[in-house]
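Data from upload-v2.cif: mmCIF, C-alpha atoms and all ligand atoms; chains and numbers go by the auth columns
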```
data_my_file
loop_
_atom_site.group_PDB
_atom_site.id
_atom_site.type_symbol
_atom_site.label_atom_id
_atom_site.label_comp_id
_atom_site.label_asym_id
_atom_site.label_seq_id
_atom_site.Cartn_x
_atom_site.Cartn_y
_atom_site.Cartn_z
_atom_site.B_iso_or_equiv
_atom_site.auth_seq_id
_atom_site.auth_asym_id
ATOM 1 C CA MET A 1 -0.266 20.687 -0.013 0.00 9 L
ATOM 2 C CA MET A 2 -1.521 17.357 -1.297 0.00 10 L
ATOM 3 C CA ASN A 3 -2.635 14.450 0.847 0.00 11 L
ATOM 4 C CA ILE A 4 -3.193 11.422 -1.341 0.00 12 L
ATOM 5 C CA ILE A 5 -4.394 7.896 -0.588 0.00 13 L
ATOM 6 C CA PHE A 6 -3.574 4.900 -2.784 0.00 14 L
ATOM 7 C CA LEU A 7 -6.290 2.302 -2.492 0.00 15 L
ATOM 8 C CA GLY A 8 -6.403 -1.163 -4.047 0.00 16 L
ATOM 9 C CA PRO A 9 -6.176 -4.882 -3.353 0.00 17 L
ATOM 10 C CA PRO A 10 -2.900 -6.577 -2.404 0.00 18 L
ATOM 11 C CA GLY A 11 -0.757 -6.678 -5.533 0.00 19 L
ATOM 12 C CA ALA A 12 -2.498 -3.781 -7.299 0.00 20 L
ATOM 13 C CA GLY A 13 0.765 -1.825 -7.480 0.00 21 L
ATOM 14 C CA LYS A 14 0.242 0.637 -4.616 0.00 22 L
ATOM 15 C CA GLY A 15 3.817 0.322 -3.360 0.00 23 L
ATOM 16 C CA THR A 16 5.388 0.460 -6.824 0.00 24 L
ATOM 17 C CA GLN A 17 3.365 3.496 -7.854 0.00 25 L
ATOM 18 C CA SER A 18 3.547 5.387 -4.585 0.00 26 L
ATOM 19 C CA GLN A 19 7.359 5.153 -4.640 0.00 27 L
ATOM 20 C CA ILE A 20 7.443 6.694 -8.129 0.00 28 L
ATOM 21 C CA VAL A 21 4.817 9.368 -7.468 0.00 29 L
ATOM 22 C CA SER A 22 6.382 10.274 -4.135 0.00 30 L
ATOM 23 C CA GLN A 23 9.645 11.117 -5.912 0.00 31 L
ATOM 24 C CA ARG A 24 7.869 13.042 -8.624 0.00 32 L
ATOM 25 C CA LEU A 25 5.880 15.183 -6.231 0.00 33 L
ATOM 26 C CA SER A 26 8.608 15.347 -3.563 0.00 34 L
ATOM 27 C CA ILE A 27 6.266 14.231 -0.815 0.00 35 L
ATOM 28 C CA PRO A 28 6.867 11.210 1.429 0.00 36 L
ATOM 29 C CA GLN A 29 5.358 7.783 0.867 0.00 37 L
ATOM 30 C CA ILE A 30 3.841 6.413 4.036 0.00 38 L
ATOM 31 C CA SER A 31 3.522 2.649 3.742 0.00 39 L
ATOM 32 C CA THR A 32 1.924 1.086 6.796 0.00 40 L
ATOM 33 C CA GLY A 33 3.043 -2.356 5.570 0.00 41 L
ATOM 34 C CA ASP A 34 6.695 -1.198 5.432 0.00 42 L
ATOM 35 C CA MET A 35 6.374 0.475 8.840 0.00 43 L
ATOM 36 C CA LEU A 36 4.941 -2.700 10.358 0.00 44 L
ATOM 37 C CA ARG A 37 7.605 -4.928 8.771 0.00 45 L
ATOM 38 C CA ALA A 38 10.297 -2.629 10.189 0.00 46 L
ATOM 39 C CA ALA A 39 8.627 -2.809 13.619 0.00 47 L
ATOM 40 C CA VAL A 40 8.482 -6.605 13.425 0.00 48 L
ATOM 41 C CA SER A 41 12.144 -6.946 12.491 0.00 49 L
ATOM 42 C CA GLN A 42 13.181 -4.528 15.257 0.00 50 L
ATOM 43 C CA LYS A 43 10.910 -6.385 17.713 0.00 51 L
ATOM 44 C CA THR A 44 9.335 -3.154 18.985 0.00 52 L
ATOM 45 C CA PRO A 45 6.176 -3.484 21.150 0.00 53 L
ATOM 46 C CA THR A 46 4.066 -2.646 18.072 0.00 54 L
ATOM 47 C CA GLY A 47 5.953 -5.204 15.996 0.00 55 L
ATOM 48 C CA LEU A 48 5.447 -7.923 18.592 0.00 56 L
ATOM 49 C CA LYS A 49 1.694 -7.252 18.659 0.00 57 L
ATOM 50 C CA ALA A 50 1.363 -7.041 14.868 0.00 58 L
ATOM 51 C CA LYS A 51 3.333 -10.100 13.794 0.00 59 L
ATOM 52 C CA ALA A 52 0.724 -12.838 14.259 0.00 60 L
ATOM 53 C CA TYR A 53 -1.929 -10.872 12.366 0.00 61 L
ATOM 54 C CA MET A 54 0.430 -10.191 9.472 0.00 62 L
ATOM 55 C CA ASP A 55 1.571 -13.806 9.248 0.00 63 L
ATOM 56 C CA ALA A 56 -2.064 -14.929 9.048 0.00 64 L
ATOM 57 C CA GLY A 57 -2.919 -12.322 6.397 0.00 65 L
ATOM 58 C CA GLU A 58 -5.325 -10.580 8.766 0.00 66 L
ATOM 59 C CA LEU A 59 -5.464 -6.866 9.443 0.00 67 L
ATOM 60 C CA VAL A 60 -3.623 -5.501 12.436 0.00 68 L
ATOM 61 C CA PRO A 61 -6.130 -3.980 14.935 0.00 69 L
ATOM 62 C CA ASP A 62 -7.237 -0.450 14.075 0.00 70 L
ATOM 63 C CA GLU A 63 -5.949 1.174 17.309 0.00 71 L
ATOM 64 C CA ILE A 64 -2.389 0.016 16.640 0.00 72 L
ATOM 65 C CA ILE A 65 -2.287 1.200 13.070 0.00 73 L
ATOM 66 C CA ILE A 66 -4.087 4.487 13.714 0.00 74 L
ATOM 67 C CA ASP A 67 -1.545 5.407 16.418 0.00 75 L
ATOM 68 C CA LEU A 68 1.277 4.632 14.018 0.00 76 L
ATOM 69 C CA VAL A 69 -0.178 6.838 11.269 0.00 77 L
ATOM 70 C CA ARG A 70 -1.091 9.653 13.653 0.00 78 L
ATOM 71 C CA GLU A 71 2.530 9.951 14.767 0.00 79 L
ATOM 72 C CA ARG A 72 3.880 9.693 11.246 0.00 80 L
ATOM 73 C CA VAL A 73 1.716 12.393 9.608 0.00 81 L
ATOM 74 C CA ASP A 74 2.709 14.746 12.425 0.00 82 L
ATOM 75 C CA GLU A 75 6.342 14.680 11.362 0.00 83 L
ATOM 76 C CA ASP A 76 7.904 17.694 9.637 0.00 84 L
ATOM 77 C CA ASP A 77 8.399 16.107 6.232 0.00 85 L
ATOM 78 C CA CYS A 78 4.624 15.668 5.884 0.00 86 L
ATOM 79 C CA ARG A 79 3.902 19.397 5.936 0.00 87 L
ATOM 80 C CA ASN A 80 3.613 19.658 2.149 0.00 88 L
ATOM 81 C CA GLY A 81 1.564 16.518 1.847 0.00 89 L
ATOM 82 C CA PHE A 82 2.083 12.753 1.696 0.00 90 L
ATOM 83 C CA ILE A 83 1.007 9.570 -0.024 0.00 91 L
ATOM 84 C CA LEU A 84 -0.644 6.936 2.129 0.00 92 L
ATOM 85 C CA ASP A 85 0.063 3.448 0.780 0.00 93 L
ATOM 86 C CA GLY A 86 -1.963 0.723 2.481 0.00 94 L
ATOM 87 C CA PHE A 87 -3.920 2.956 4.849 0.00 95 L
ATOM 88 C CA PRO A 88 -6.820 3.279 5.497 0.00 96 L
ATOM 89 C CA ARG A 89 -7.998 -0.312 5.126 0.00 97 L
ATOM 90 C CA THR A 90 -11.192 -0.176 7.200 0.00 98 L
ATOM 91 C CA VAL A 91 -14.000 2.350 7.603 0.00 99 L
ATOM 92 C CA ALA A 92 -12.871 2.954 11.195 0.00 100 L
ATOM 93 C CA GLN A 93 -9.388 3.868 9.921 0.00 101 L
ATOM 94 C CA ALA A 94 -10.881 6.197 7.293 0.00 102 L
ATOM 95 C CA ASP A 95 -12.979 7.941 9.943 0.00 103 L
ATOM 96 C CA ALA A 96 -9.912 8.309 12.186 0.00 104 L
ATOM 97 C CA LEU A 97 -7.916 9.765 9.295 0.00 105 L
ATOM 98 C CA ALA A 98 -10.666 12.276 8.517 0.00 106 L
ATOM 99 C CA ALA A 99 -10.353 13.530 12.091 0.00 107 L
ATOM 100 C CA LEU A 100 -6.574 13.915 11.686 0.00 108 L
ATOM 101 C CA CYS A 101 -6.180 15.752 8.378 0.00 109 L
ATOM 102 C CA ALA A 102 -7.696 16.644 5.025 0.00 110 L
ATOM 103 C CA VAL A 103 -7.664 14.119 2.186 0.00 111 L
ATOM 104 C CA ASP A 104 -7.343 15.642 -1.289 0.00 112 L
ATOM 105 C CA ARG A 105 -7.486 12.607 -3.576 0.00 113 L
ATOM 106 C CA VAL A 106 -8.030 8.887 -3.354 0.00 114 L
ATOM 107 C CA VAL A 107 -6.504 6.926 -6.221 0.00 115 L
ATOM 108 C CA ASN A 108 -8.119 3.526 -6.569 0.00 116 L
ATOM 109 C CA ILE A 109 -5.870 1.166 -8.544 0.00 117 L
ATOM 110 C CA ASP A 110 -8.105 -1.367 -10.214 0.00 118 L
ATOM 111 C CA VAL A 111 -6.699 -4.771 -11.215 0.00 119 L
ATOM 112 C CA PRO A 112 -8.744 -7.873 -12.062 0.00 120 L
ATOM 113 C CA GLN A 113 -8.757 -10.418 -9.269 0.00 121 L
ATOM 114 C CA GLU A 114 -7.233 -13.189 -11.417 0.00 122 L
ATOM 115 C CA ARG A 115 -4.064 -11.131 -12.000 0.00 123 L
ATOM 116 C CA LEU A 116 -3.387 -10.510 -8.338 0.00 124 L
ATOM 117 C CA VAL A 117 -2.269 -13.954 -7.196 0.00 125 L
ATOM 118 C CA ALA A 118 0.381 -14.134 -9.946 0.00 126 L
ATOM 119 C CA ARG A 119 1.628 -10.677 -9.083 0.00 127 L
ATOM 120 C CA ILE A 120 1.835 -11.282 -5.359 0.00 128 L
ATOM 121 C CA SER A 121 3.300 -14.761 -5.442 0.00 129 L
ATOM 122 C CA GLY A 122 6.018 -13.490 -7.808 0.00 130 L
ATOM 123 C CA ARG A 123 6.755 -10.364 -5.779 0.00 131 L
ATOM 124 C CA ARG A 124 10.309 -9.953 -4.487 0.00 132 L
ATOM 125 C CA MET A 125 11.298 -7.182 -2.099 0.00 133 L
ATOM 126 C CA CYS A 126 14.522 -5.295 -1.530 0.00 134 L
ATOM 127 C CA PRO A 127 15.389 -5.396 2.186 0.00 135 L
ATOM 128 C CA ASP A 128 17.544 -2.279 1.853 0.00 136 L
ATOM 129 C CA CYS A 129 15.352 0.239 0.001 0.00 137 L
ATOM 130 C CA GLY A 130 11.876 -1.329 0.129 0.00 138 L
ATOM 131 C CA ALA A 131 11.449 -1.515 -3.662 0.00 139 L
ATOM 132 C CA ALA A 132 9.193 -4.279 -5.014 0.00 140 L
ATOM 133 C CA TYR A 133 9.945 -6.264 -8.151 0.00 141 L
ATOM 134 C CA HIS A 134 8.535 -9.263 -9.930 0.00 142 L
ATOM 135 C CA VAL A 135 10.540 -12.454 -10.245 0.00 143 L
ATOM 136 C CA SER A 136 9.747 -12.528 -13.979 0.00 144 L
ATOM 137 C CA THR A 137 11.503 -9.191 -14.597 0.00 145 L
ATOM 138 C CA HIS A 138 14.272 -9.607 -11.975 0.00 146 L
ATOM 139 C CA PRO A 139 15.276 -13.278 -12.112 0.00 147 L
ATOM 140 C CA ASP A 140 18.793 -12.421 -10.910 0.00 148 L
ATOM 141 C CA GLY A 141 17.358 -11.497 -7.497 0.00 149 L
ATOM 142 C CA ARG A 142 19.132 -8.126 -7.271 0.00 150 L
ATOM 143 C CA CYS A 143 17.570 -4.730 -6.591 0.00 151 L
ATOM 144 C CA GLY A 144 17.752 -2.478 -9.670 0.00 152 L
ATOM 145 C CA LYS A 145 18.222 0.581 -7.480 0.00 153 L
ATOM 146 C CA CYS A 146 20.693 -0.437 -4.814 0.00 154 L
ATOM 147 C CA GLY A 147 21.823 -3.985 -5.573 0.00 155 L
ATOM 148 C CA GLY A 148 20.216 -5.486 -2.442 0.00 156 L
ATOM 149 C CA ALA A 149 19.478 -9.239 -2.400 0.00 157 L
ATOM 150 C CA LEU A 150 15.738 -9.601 -3.039 0.00 158 L
ATOM 151 C CA TYR A 151 13.603 -11.783 -0.766 0.00 159 L
ATOM 152 C CA GLN A 152 10.043 -13.090 -0.753 0.00 160 L
ATOM 153 C CA ARG A 153 7.723 -11.786 1.956 0.00 161 L
ATOM 154 C CA GLU A 154 6.502 -14.523 4.300 0.00 162 L
ATOM 155 C CA ASP A 155 2.866 -13.459 3.711 0.00 163 L
ATOM 156 C CA ASP A 156 3.252 -13.561 -0.086 0.00 164 L
ATOM 157 C CA ARG A 157 2.962 -17.347 -0.156 0.00 165 L
ATOM 158 C CA GLU A 158 -0.138 -18.580 -1.887 0.00 166 L
ATOM 159 C CA GLU A 159 -2.081 -19.846 1.181 0.00 167 L
ATOM 160 C CA THR A 160 -1.859 -16.483 2.898 0.00 168 L
ATOM 161 C CA VAL A 161 -2.504 -14.539 -0.290 0.00 169 L
ATOM 162 C CA ARG A 162 -6.004 -16.038 -0.649 0.00 170 L
ATOM 163 C CA ASN A 163 -6.916 -14.887 2.837 0.00 171 L
ATOM 164 C CA ARG A 164 -5.537 -11.394 2.229 0.00 172 L
ATOM 165 C CA LEU A 165 -7.693 -11.070 -0.881 0.00 173 L
ATOM 166 C CA ARG A 166 -10.747 -12.145 1.124 0.00 174 L
ATOM 167 C CA VAL A 167 -9.916 -9.674 3.886 0.00 175 L
ATOM 168 C CA TYR A 168 -9.552 -6.934 1.268 0.00 176 L
ATOM 169 C CA GLU A 169 -13.004 -7.664 -0.160 0.00 177 L
ATOM 170 C CA GLU A 170 -14.680 -7.717 3.215 0.00 178 L
ATOM 171 C CA GLN A 171 -12.969 -4.870 5.018 0.00 179 L
ATOM 172 C CA THR A 172 -11.264 -2.547 2.529 0.00 180 L
ATOM 173 C CA GLN A 173 -13.390 -2.626 -0.628 0.00 181 L
ATOM 174 C CA PRO A 174 -16.200 -0.655 1.114 0.00 182 L
ATOM 175 C CA LEU A 175 -13.813 2.318 1.140 0.00 183 L
ATOM 176 C CA ILE A 176 -14.310 2.700 -2.621 0.00 184 L
ATOM 177 C CA GLU A 177 -17.928 3.699 -1.977 0.00 185 L
ATOM 178 C CA TYR A 178 -16.911 5.681 1.104 0.00 186 L
ATOM 179 C CA TYR A 179 -14.576 7.958 -0.835 0.00 187 L
ATOM 180 C CA ALA A 180 -16.736 8.071 -3.975 0.00 188 L
ATOM 181 C CA ALA A 181 -19.550 9.429 -1.807 0.00 189 L
ATOM 182 C CA ARG A 182 -17.205 12.187 -0.639 0.00 190 L
ATOM 183 C CA GLY A 183 -16.231 13.117 -4.197 0.00 191 L
ATOM 184 C CA LEU A 184 -12.570 12.157 -3.678 0.00 192 L
ATOM 185 C CA LEU A 185 -12.246 8.937 -5.644 0.00 193 L
ATOM 186 C CA VAL A 186 -10.478 8.504 -8.973 0.00 194 L
ATOM 187 C CA THR A 187 -10.148 4.980 -10.362 0.00 195 L
ATOM 188 C CA VAL A 188 -7.239 4.131 -12.666 0.00 196 L
ATOM 189 C CA ASN A 189 -6.738 0.943 -14.638 0.00 197 L
ATOM 190 C CA GLY A 190 -3.863 -0.874 -12.927 0.00 198 L
ATOM 191 C CA ASP A 191 -3.777 -3.664 -15.505 0.00 199 L
ATOM 192 C CA GLU A 192 -1.328 -1.779 -17.727 0.00 200 L
ATOM 193 C CA SER A 193 2.434 -1.359 -17.753 0.00 201 L
ATOM 194 C CA ILE A 194 3.961 0.326 -14.706 0.00 202 L
ATOM 195 C CA GLU A 195 4.732 3.431 -16.821 0.00 203 L
ATOM 196 C CA ARG A 196 1.183 3.750 -18.139 0.00 204 L
ATOM 197 C CA VAL A 197 -0.315 3.373 -14.703 0.00 205 L
ATOM 198 C CA THR A 198 2.003 6.124 -13.436 0.00 206 L
ATOM 199 C CA GLU A 199 0.778 8.443 -16.214 0.00 207 L
ATOM 200 C CA ALA A 200 -2.863 7.721 -15.405 0.00 208 L
ATOM 201 C CA ILE A 201 -2.206 8.480 -11.745 0.00 209 L
ATOM 202 C CA ALA A 202 -0.340 11.690 -12.550 0.00 210 L
ATOM 203 C CA GLN A 203 -3.324 12.885 -14.555 0.00 211 L
ATOM 204 C CA ALA A 204 -5.758 11.915 -11.837 0.00 212 L
ATOM 205 C CA VAL A 205 -3.775 13.757 -9.207 0.00 213 L
ATOM 206 C CA GLU A 206 -3.278 16.898 -11.273 0.00 214 L
ATOM 207 C CA ARG A 207 -6.995 17.203 -11.905 0.00 215 L
ATOM 208 C CA THR A 208 -7.469 18.419 -8.322 0.00 216 L
HETATM 209 P P1 LIG B . 0.869 -3.543 -3.586 0.00 1 W
HETATM 210 O O1 LIG B . 1.737 -2.570 -2.845 0.00 1 W
HETATM 211 O O2 LIG B . -0.412 -2.916 -4.064 0.00 1 W
HETATM 212 O O3 LIG B . 0.626 -4.805 -2.838 0.00 1 W
HETATM 213 P P2 LIG B . 3.202 -3.851 -5.357 0.00 1 W
HETATM 214 O O4 LIG B . 3.504 -2.482 -5.848 0.00 1 W
HETATM 215 O O5 LIG B . 4.090 -4.420 -4.312 0.00 1 W
HETATM 216 O O6 LIG B . 1.650 -3.955 -4.919 0.00 1 W
HETATM 217 O O7 LIG B . 3.193 -4.811 -6.645 0.00 1 W
HETATM 218 C C1 LIG B . 2.904 -6.215 -6.511 0.00 1 W
HETATM 219 C C2 LIG B . 3.677 -7.011 -7.560 0.00 1 W
HETATM 220 O O8 LIG B . 3.198 -6.670 -8.866 0.00 1 W
HETATM 221 C C3 LIG B . 5.172 -6.735 -7.582 0.00 1 W
HETATM 222 O O9 LIG B . 5.823 -7.936 -7.940 0.00 1 W
HETATM 223 C C4 LIG B . 5.339 -5.688 -8.676 0.00 1 W
HETATM 224 O O10 LIG B . 6.629 -5.735 -9.263 0.00 1 W
HETATM 225 C C5 LIG B . 4.253 -6.104 -9.645 0.00 1 W
HETATM 226 N N1 LIG B . 3.645 -4.968 -10.386 0.00 1 W
HETATM 227 C C6 LIG B . 3.372 -3.723 -9.919 0.00 1 W
HETATM 228 N N2 LIG B . 2.807 -2.958 -10.871 0.00 1 W
HETATM 229 C C7 LIG B . 2.711 -3.747 -11.985 0.00 1 W
HETATM 230 C C8 LIG B . 2.205 -3.524 -13.318 0.00 1 W
HETATM 231 N N3 LIG B . 1.662 -2.355 -13.694 0.00 1 W
HETATM 232 N N4 LIG B . 2.255 -4.559 -14.189 0.00 1 W
HETATM 233 C C9 LIG B . 2.791 -5.743 -13.826 0.00 1 W
HETATM 234 N N5 LIG B . 3.282 -6.011 -12.591 0.00 1 W
HETATM 235 C C10 LIG B . 3.244 -5.033 -11.673 0.00 1 W
HETATM 236 P P1 LIG B . -0.202 -5.462 0.462 0.00 2 W
HETATM 237 O O1 LIG B . 0.964 -5.706 -0.421 0.00 2 W
HETATM 238 O O2 LIG B . -1.118 -6.609 0.626 0.00 2 W
HETATM 239 O O3 LIG B . -0.953 -4.235 0.120 0.00 2 W
HETATM 240 P P2 LIG B . 1.007 -4.366 2.922 0.00 2 W
HETATM 241 O O4 LIG B . 2.468 -4.407 2.816 0.00 2 W
HETATM 242 O O5 LIG B . 0.326 -3.053 2.715 0.00 2 W
HETATM 243 O O6 LIG B . 0.403 -5.450 1.923 0.00 2 W
HETATM 244 O O7 LIG B . 0.531 -4.954 4.319 0.00 2 W
HETATM 245 C C1 LIG B . 1.018 -6.171 4.827 0.00 2 W
HETATM 246 C C2 LIG B . 0.258 -6.550 6.092 0.00 2 W
HETATM 247 O O8 LIG B . 0.438 -5.515 7.078 0.00 2 W
HETATM 248 C C3 LIG B . -1.255 -6.667 5.916 0.00 2 W
HETATM 249 O O9 LIG B . -1.651 -7.938 5.474 0.00 2 W
HETATM 250 C C4 LIG B . -1.734 -6.388 7.351 0.00 2 W
HETATM 251 O O10 LIG B . -1.535 -7.506 8.191 0.00 2 W
HETATM 252 C C5 LIG B . -0.768 -5.304 7.807 0.00 2 W
HETATM 253 N N1 LIG B . -1.274 -3.936 7.504 0.00 2 W
HETATM 254 C C6 LIG B . -0.707 -3.027 6.674 0.00 2 W
HETATM 255 N N2 LIG B . -1.446 -1.895 6.636 0.00 2 W
HETATM 256 C C7 LIG B . -2.491 -2.093 7.474 0.00 2 W
HETATM 257 C C8 LIG B . -3.621 -1.312 7.855 0.00 2 W
HETATM 258 N N3 LIG B . -3.825 -0.078 7.370 0.00 2 W
HETATM 259 N N4 LIG B . -4.492 -1.855 8.742 0.00 2 W
HETATM 260 C C9 LIG B . -4.311 -3.077 9.250 0.00 2 W
HETATM 261 N N5 LIG B . -3.300 -3.880 8.919 0.00 2 W
HETATM 262 C C10 LIG B . -2.379 -3.398 8.036 0.00 2 W
HETATM 263 ZN ZN ZN B . 17.108 -1.748 -3.162 0.00 3 W
#
```

Give the structure from the file, written as structure tokens.
Ligand code: ADP
Ligand code: ADP
Ligand code: ZN
Amino acid sequence: MMNIIFLGPPGAGKGTQSQIVSQRLSIPQISTGDMLRAAVSQKTPTGLKAKAYMDAGELVPDEIIIDLVRERVDEDDCRNGFILDGFPRTVAQADALAALCAVDRVVNIDVPQERLVARISGRRMCPDCGAAYHVSTHPDGRCGKCGGALYQREDDREETVRNRLRVYEEQTQPLIEYYAARGLLVTVNGDESIERVTEAIAQAVERT
């Protein structure tokens, strides 16, 4: 049983790494960003409420996102643990999570601010399997896993990116202290190759 949180600014590599580590540990990746994008494209009530916030690079209100996560972690496949990717993002969300389940490790992926804009503005997503790539390594625009036609997220354009980084600093960065104070935080250097970051995370997680 291993409940893990991946923390870090937009573009740190949370999605990339949580997909890899989820396969390695055979526990599901729970990405609130992916769940919200699916809700938006299906035009569910949650998706309709969330869309304007996401387009502006603001956080979706806590109540909406907490309900979504509460239902998800209750599902059967989460019994042996899970990786939360992109949640919690506020202290209120962290408090709500603490009331729902135990947290075993918080992996903080640290990447210098000046790297993030280049990573995010070059990010390309697979609509079919959710994998993220960078335009510099996948100029052909095809998913390496399933061949899907990669697209750029609407909120990955530079104007919105700046706001998302500001929102991260104001609302999410305080969680580093929050989890350090609870003895759960491990920080890994995310400014390395994808493979090296995965190794650092594997070590951090095994040290439990
Ligand atoms: P997050 O989920 O934290 O926003 P992603 O995993 O989607 O971040 O990664 C953001 C972008 O950076 C993507 O284009 C991805 O391919 C790229 N990326 C991820 N990890 C690395 C890395 N270690 N080095 C270089 N680029 C990376
Ligand atoms: P990133 O690549 O920046 O980490 P995500 O895919 O995790 O982005 O999230 C995209 C958008 O979805 C966020 O900008 C925000 O509007 C919304 N979102 C995702 N997770 C949360 C959350 N835990 N709380 C509030 N809003 C969220
Ligand atoms: Zn794919």

Translate the PyMOL selection byres (((chain L and resi 40) around 7) and not hetatm), as applied to the file shown, into an explicit residue set as a PyMOL selection string.
chain L and resi 38-39+41-44+93-95

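The list of residues with at least one atom within 12 Å of Glu178 in chain L, based on all atoms listed in the file and without residues fewer than 4 positions apart in the same chain, reads Pro17, Glu66, Leu67, Arg97, Thr98, Val99, Asn171, Arg172, Leu173, Arg174, Pro182, Leu183 and Ile184 of chain L.
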
Select the residues contacting ligand ZN 3 (chain W) at a distance of at most 7 Å, based on all atoms listed in the file, then format the selection as a list in words.
Cys134, Pro135, Asp136, Cys137, Gly138, Ala139, Cys151, Gly152, Lys153, Cys154, Gly155 and Gly156 of chain L

Applied to this file, what does the PyMOL selection byres (((not hetatm)) within 10 of (chain W and resi 1)) return in terms of residues, put as a PyMOL selection string?
chain L and resi 14-27+39+41-42+93-94+117-119+123-133+138-146+160+164+197-206

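Across L:Met9, L:Ile28, L:Ile35, L:Ala104, the tightest approach to ligand LIG 2 (chain W) is made by L:Ala104 when counting all atoms listed in the file.
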
Could you give me the axis-aligned bounding box of ligand LIG 2 (chain W), with 6 Å of padding per side, as centre plus edge lengths in Å to one decimal, as lines of an AutoDock Vina configuration file?
```
center_x = -1.0
center_y = -4.0
center_z = 4.4
size_x = 19.0
size_y = 19.9
size_z = 21.7
```

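Straight-line separation from atom O5 of ligand LIG 2 (chain W) to CA of Ile91 in chain L: 12.9 Å.
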
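One distance worth recording is that between CA of Gln121 in chain L and CA of Lys59 in chain L, which is 26.0 Å.
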
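Every protein, DNA or RNA residue with an atom at most 12 Å from Val48 in chain L, where only C-alpha atoms count and chain neighbours fewer than 2 positions away do not, is listed here: Gly41, Asp42, Met43, Leu44, Arg45, Ala46, Gln50, Lys51, Thr52, Pro53, Thr54, Gly55, Leu56, Lys57, Ala58, Lys59, Ala60, Tyr61, Met62 and Asp63 of chain L.
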
What does the file look like for those residues with C-alpha atoms, as a PDB file, keeping the file's coordinate frame?
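Resulting contents of again21.pdb:
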```
ATOM      1  CA  GLY L  41       3.043  -2.356   5.570  1.00  0.00           C
ATOM      2  CA  ASP L  42       6.695  -1.198   5.432  1.00  0.00           C
ATOM      3  CA  MET L  43       6.374   0.475   8.840  1.00  0.00           C
ATOM      4  CA  LEU L  44       4.941  -2.700  10.358  1.00  0.00           C
ATOM      5  CA  ARG L  45       7.605  -4.928   8.771  1.00  0.00           C
ATOM      6  CA  ALA L  46      10.297  -2.629  10.189  1.00  0.00           C
ATOM      7  CA  GLN L  50      13.181  -4.528  15.257  1.00  0.00           C
ATOM      8  CA  LYS L  51      10.910  -6.385  17.713  1.00  0.00           C
ATOM      9  CA  THR L  52       9.335  -3.154  18.985  1.00  0.00           C
ATOM     10  CA  PRO L  53       6.176  -3.484  21.150  1.00  0.00           C
ATOM     11  CA  THR L  54       4.066  -2.646  18.072  1.00  0.00           C
ATOM     12  CA  GLY L  55       5.953  -5.204  15.996  1.00  0.00           C
ATOM     13  CA  LEU L  56       5.447  -7.923  18.592  1.00  0.00           C
ATOM     14  CA  LYS L  57       1.694  -7.252  18.659  1.00  0.00           C
ATOM     15  CA  ALA L  58       1.363  -7.041  14.868  1.00  0.00           C
ATOM     16  CA  LYS L  59       3.333 -10.100  13.794  1.00  0.00           C
ATOM     17  CA  ALA L  60       0.724 -12.838  14.259  1.00  0.00           C
ATOM     18  CA  TYR L  61      -1.929 -10.872  12.366  1.00  0.00           C
ATOM     19  CA  MET L  62       0.430 -10.191   9.472  1.00  0.00           C
ATOM     20  CA  ASP L  63       1.571 -13.806   9.248  1.00  0.00           C
TER      21      ASP L  63
END
```

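Reported to one decimal place, the separation of CA of Glu166 in chain L from atom N2 of ligand LIG 2 (chain W) is 18.8 Å.
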